[in-house]
Amino acid sequence: YSDATSYNNFYEFGTDKADPAQNAHTLKTRPWTVSVEGECAKPMRFDIETLLKLSAMEERIYRLRCVEGWSMVIPWVGFPISKLLKEVEPNSSAKYVRFETIMRPEEMPGLQDSWYPWPYQEGLRLDEAMNNLAILATGLYGGELPAQNGGGMRLVVPWKYG
């Protein structure tokens, strides 16, 4: 737990591995919302309490792999992304899911650095996002997801780099 919560890449809080654990206390994880829009029949904005009721929370033990060559085995707590996507009913022309981080520079000091074109964005093919192994993590090690690990919610896809 100590390693997983103190050795992170979360550039919104700084570029050093220790920066997220030192700086993420400024992130407000409540209230937390997720907006789903685009190629779907029912675009919606979900608050965290609604998201937590979409599905039973499950523990998934996945290896978090980094492109830098390190990895950690972490017991994540969350629910399949597919549960969220089924609520919004992607239409037949939907091919991808784009994830975009929040932009709150007053809470996330790394956003003030101009070396990256914030906000951070990531994507999955729709079939990858619908795979039951892809989850939205809301916790780790049986507790809430710490801010420095992506709290309030983090995308975890075991076959992708973290």
# chains A, B, ... in the order shown; residues from 1 in each chain; ligands from 1
$ select_by_dssp --residues "stretch 1-160 of chain A" --states "strand (DSSP E or B)" --output "PyMOL selection string"
chain A and resi 33-36+40+44-47+58-65+71-80+90+96-100+121-125+135-140+143-144+154-156
$ write_last_selection --atoms "N, CA and C atoms" --output "tab-separated table (two decimals), in the first residue's frame"
chain	number	residue	atom	x	y	z
A	33	THR	N	-18.14	14.14	-10.59
A	33	THR	CA	-19.09	13.77	-11.64
A	33	THR	C	-18.33	13.22	-12.84
A	34	VAL	N	-19.03	12.41	-13.60
A	34	VAL	CA	-18.53	11.87	-14.86
A	34	VAL	C	-19.58	12.19	-15.91
A	35	SER	N	-19.14	12.82	-16.98
A	35	SER	CA	-20.04	13.17	-18.07
A	35	SER	C	-19.79	12.22	-19.24
A	36	VAL	N	-20.87	11.67	-19.79
A	36	VAL	CA	-20.77	10.81	-20.97
A	36	VAL	C	-21.63	11.45	-22.04
A	40	CYS	N	-24.16	8.40	-28.32
A	40	CYS	CA	-24.96	7.55	-27.44
A	40	CYS	C	-26.39	8.06	-27.40
A	44	MET	N	-25.41	11.49	-20.43
A	44	MET	CA	-25.72	11.71	-19.01
A	44	MET	C	-24.52	12.25	-18.27
A	45	ARG	N	-24.81	12.90	-17.15
A	45	ARG	CA	-23.80	13.28	-16.17
A	45	ARG	C	-24.15	12.53	-14.90
A	46	PHE	N	-23.19	11.76	-14.41
A	46	PHE	CA	-23.38	10.93	-13.22
A	46	PHE	C	-22.61	11.54	-12.06
A	47	ASP	N	-23.22	11.62	-10.90
A	47	ASP	CA	-22.45	11.98	-9.71
A	47	ASP	C	-21.87	10.69	-9.12
A	58	GLU	N	-16.30	-4.56	-7.09
A	58	GLU	CA	-15.55	-5.80	-7.19
A	58	GLU	C	-14.07	-5.53	-6.94
A	59	GLU	N	-13.39	-6.47	-6.31
A	59	GLU	CA	-11.94	-6.34	-6.18
A	59	GLU	C	-11.30	-7.04	-7.36
A	60	ARG	N	-10.39	-6.35	-8.01
A	60	ARG	CA	-9.65	-6.90	-9.14
A	60	ARG	C	-8.17	-6.73	-8.86
A	61	ILE	N	-7.44	-7.81	-8.85
A	61	ILE	CA	-6.01	-7.75	-8.60
A	61	ILE	C	-5.31	-7.75	-9.95
A	62	TYR	N	-4.79	-6.58	-10.30
A	62	TYR	CA	-4.15	-6.39	-11.60
A	62	TYR	C	-2.73	-5.86	-11.40
A	63	ARG	N	-1.87	-6.25	-12.32
A	63	ARG	CA	-0.52	-5.68	-12.36
A	63	ARG	C	-0.59	-4.35	-13.09
A	64	LEU	N	-0.19	-3.29	-12.41
A	64	LEU	CA	-0.08	-1.96	-13.02
A	64	LEU	C	1.30	-1.88	-13.62
A	65	ARG	N	1.37	-1.80	-14.94
A	65	ARG	CA	2.65	-1.76	-15.64
A	65	ARG	C	2.90	-0.35	-16.16
A	71	SER	N	6.59	-2.10	-12.31
A	71	SER	CA	5.21	-2.55	-12.17
A	71	SER	C	4.91	-2.82	-10.70
A	72	MET	N	3.63	-2.85	-10.38
A	72	MET	CA	3.14	-3.19	-9.04
A	72	MET	C	1.87	-3.99	-9.20
A	73	VAL	N	1.66	-4.93	-8.29
A	73	VAL	CA	0.41	-5.68	-8.26
A	73	VAL	C	-0.49	-4.97	-7.25
A	74	ILE	N	-1.68	-4.55	-7.71
A	74	ILE	CA	-2.55	-3.72	-6.88
A	74	ILE	C	-3.95	-4.32	-6.84
A	75	PRO	N	-4.53	-4.45	-5.65
A	75	PRO	CA	-5.93	-4.86	-5.55
A	75	PRO	C	-6.85	-3.64	-5.68
A	76	TRP	N	-7.36	-3.44	-6.87
A	76	TRP	CA	-8.26	-2.32	-7.17
A	76	TRP	C	-9.68	-2.69	-6.73
A	77	VAL	N	-10.47	-1.70	-6.43
A	77	VAL	CA	-11.89	-1.88	-6.15
A	77	VAL	C	-12.63	-0.99	-7.15
A	78	GLY	N	-13.61	-1.56	-7.85
A	78	GLY	CA	-14.34	-0.77	-8.83
A	78	GLY	C	-15.41	-1.58	-9.51
A	79	PHE	N	-15.80	-1.11	-10.68
A	79	PHE	CA	-16.85	-1.79	-11.44
A	79	PHE	C	-16.53	-1.70	-12.93
A	80	PRO	N	-17.03	-2.65	-13.72
A	80	PRO	CA	-16.75	-2.65	-15.15
A	80	PRO	C	-17.28	-1.38	-15.83
A	90	PRO	N	-24.52	3.33	-26.15
A	90	PRO	CA	-23.77	3.75	-27.34
A	90	PRO	C	-24.51	3.34	-28.61
A	96	TYR	N	-15.25	4.44	-30.32
A	96	TYR	CA	-14.23	4.71	-29.31
A	96	TYR	C	-14.86	5.36	-28.09
A	97	VAL	N	-14.15	5.26	-26.98
A	97	VAL	CA	-14.50	5.99	-25.77
A	97	VAL	C	-13.29	6.86	-25.44
A	98	ARG	N	-13.53	8.15	-25.35
A	98	ARG	CA	-12.45	9.09	-24.99
A	98	ARG	C	-12.62	9.47	-23.53
A	99	PHE	N	-11.53	9.40	-22.80
A	99	PHE	CA	-11.50	9.78	-21.39
A	99	PHE	C	-10.71	11.07	-21.29
A	100	GLU	N	-11.22	12.01	-20.52
A	100	GLU	CA	-10.55	13.29	-20.36
A	100	GLU	C	-10.53	13.66	-18.89
A	121	GLN	N	-5.78	13.17	-22.08
A	121	GLN	CA	-6.83	12.39	-22.72
A	121	GLN	C	-6.30	11.00	-23.04
A	122	GLU	N	-7.18	10.05	-22.98
A	122	GLU	CA	-6.84	8.66	-23.31
A	122	GLU	C	-8.05	8.08	-24.02
A	123	GLY	N	-7.86	7.01	-24.73
A	123	GLY	CA	-8.98	6.41	-25.43
A	123	GLY	C	-8.90	4.90	-25.48
A	124	LEU	N	-10.06	4.31	-25.63
A	124	LEU	CA	-10.18	2.86	-25.83
A	124	LEU	C	-11.13	2.64	-27.00
A	125	ARG	N	-10.91	1.56	-27.72
A	125	ARG	CA	-11.95	1.14	-28.67
A	125	ARG	C	-13.16	0.74	-27.84
A	135	ILE	N	-12.09	-1.66	-15.87
A	135	ILE	CA	-12.89	-1.15	-14.77
A	135	ILE	C	-12.66	0.34	-14.54
A	136	LEU	N	-13.61	0.93	-13.84
A	136	LEU	CA	-13.45	2.25	-13.26
A	136	LEU	C	-13.20	2.01	-11.78
A	137	ALA	N	-11.99	2.25	-11.35
A	137	ALA	CA	-11.62	2.00	-9.96
A	137	ALA	C	-12.04	3.16	-9.08
A	138	THR	N	-12.62	2.83	-7.96
A	138	THR	CA	-13.02	3.83	-6.97
A	138	THR	C	-12.27	3.60	-5.65
A	139	GLY	N	-11.43	2.57	-5.63
A	139	GLY	CA	-10.67	2.28	-4.42
A	139	GLY	C	-9.51	1.36	-4.71
A	140	LEU	N	-8.69	1.17	-3.68
A	140	LEU	CA	-7.63	0.17	-3.74
A	140	LEU	C	-7.35	-0.32	-2.33
A	143	GLY	N	-10.02	0.15	0.44
A	143	GLY	CA	-10.43	1.48	0.89
A	143	GLY	C	-10.73	2.39	-0.29
A	144	GLU	N	-10.97	3.66	0.02
A	144	GLU	CA	-11.22	4.64	-1.04
A	144	GLU	C	-9.96	4.86	-1.87
A	154	ARG	N	-10.64	6.18	-11.37
A	154	ARG	CA	-9.52	5.94	-12.27
A	154	ARG	C	-9.83	4.81	-13.23
A	155	LEU	N	-9.47	4.99	-14.46
A	155	LEU	CA	-9.57	3.95	-15.47
A	155	LEU	C	-8.47	2.94	-15.24
A	156	VAL	N	-8.83	1.65	-15.17
A	156	VAL	CA	-7.84	0.58	-15.02
A	156	VAL	C	-8.15	-0.47	-16.08
$ residues_around --residues "A:Asn8" --least-positions-apart "4" --cutoff "7 Å" --atoms "only C-alpha atoms" --output "ChimeraX atom specification"
/A:17-18,20
$ closest_residue --among "A:Val67, A:Ala94, A:Leu54, A:Ala24" --to "A:Leu145" --atoms "only C-alpha atoms"
A:Ala24
$ residues_around --residues "A:Trp118" --least-positions-apart "2" --cutoff "10 Å" --atoms "only C-alpha atoms" --output "CSV table (one decimal) with N, CA and C atoms, in the first residue's frame"
chain,number,residue,atom,x,y,z
A,12,GLU,N,-0.4,15.8,-13.3
A,12,GLU,CA,-1.2,16.9,-12.8
A,12,GLU,C,-0.8,17.5,-11.5
A,100,GLU,N,-11.2,12.0,-20.5
A,100,GLU,CA,-10.5,13.3,-20.4
A,100,GLU,C,-10.5,13.7,-18.9
A,101,THR,N,-9.4,14.1,-18.4
A,101,THR,CA,-9.2,14.4,-17.0
A,101,THR,C,-9.8,15.8,-16.7
A,102,ILE,N,-10.1,16.0,-15.4
A,102,ILE,CA,-10.6,17.3,-15.0
A,102,ILE,C,-9.5,18.4,-15.2
A,103,MET,N,-10.0,19.6,-15.3
A,103,MET,CA,-9.0,20.8,-15.4
A,103,MET,C,-9.3,21.7,-14.2
A,110,GLY,N,0.3,20.8,-11.3
A,110,GLY,CA,1.0,20.4,-12.5
A,110,GLY,C,0.3,20.9,-13.8
A,111,LEU,N,-1.0,21.2,-13.7
A,111,LEU,CA,-1.7,21.8,-14.8
A,111,LEU,C,-1.2,23.1,-15.2
A,112,GLN,N,-0.5,23.8,-14.4
A,112,GLN,CA,0.1,25.1,-14.7
A,112,GLN,C,1.3,25.0,-15.5
A,113,ASP,N,1.9,23.8,-15.7
A,113,ASP,CA,3.0,23.6,-16.5
A,113,ASP,C,2.6,23.5,-18.0
A,114,SER,N,3.3,24.1,-18.9
A,114,SER,CA,2.9,24.1,-20.3
A,114,SER,C,3.5,23.1,-21.1
A,115,TRP,N,4.3,22.1,-20.5
A,115,TRP,CA,5.0,21.1,-21.3
A,115,TRP,C,4.0,20.1,-22.0
A,116,TYR,N,2.8,20.0,-21.4
A,116,TYR,CA,1.8,19.1,-22.0
A,116,TYR,C,0.5,19.8,-22.3
A,120,TYR,N,-5.3,15.9,-19.9
A,120,TYR,CA,-4.8,14.6,-20.4
A,120,TYR,C,-6.0,13.8,-21.0
A,121,GLN,N,-5.8,13.2,-22.1
A,121,GLN,CA,-6.8,12.4,-22.7
A,121,GLN,C,-6.3,11.0,-23.0
$ select_by_dssp --residues "chain A" --states "alpha helix (DSSP H)" --output "JSON, numbers by chain"
{"A": [2, 3, 4, 5, 6, 19, 20, 21, 22, 23, 48, 49, 50, 51, 52, 53, 81, 82, 83, 84, 85, 86, 87, 88, 126, 127, 128, 129, 130]}
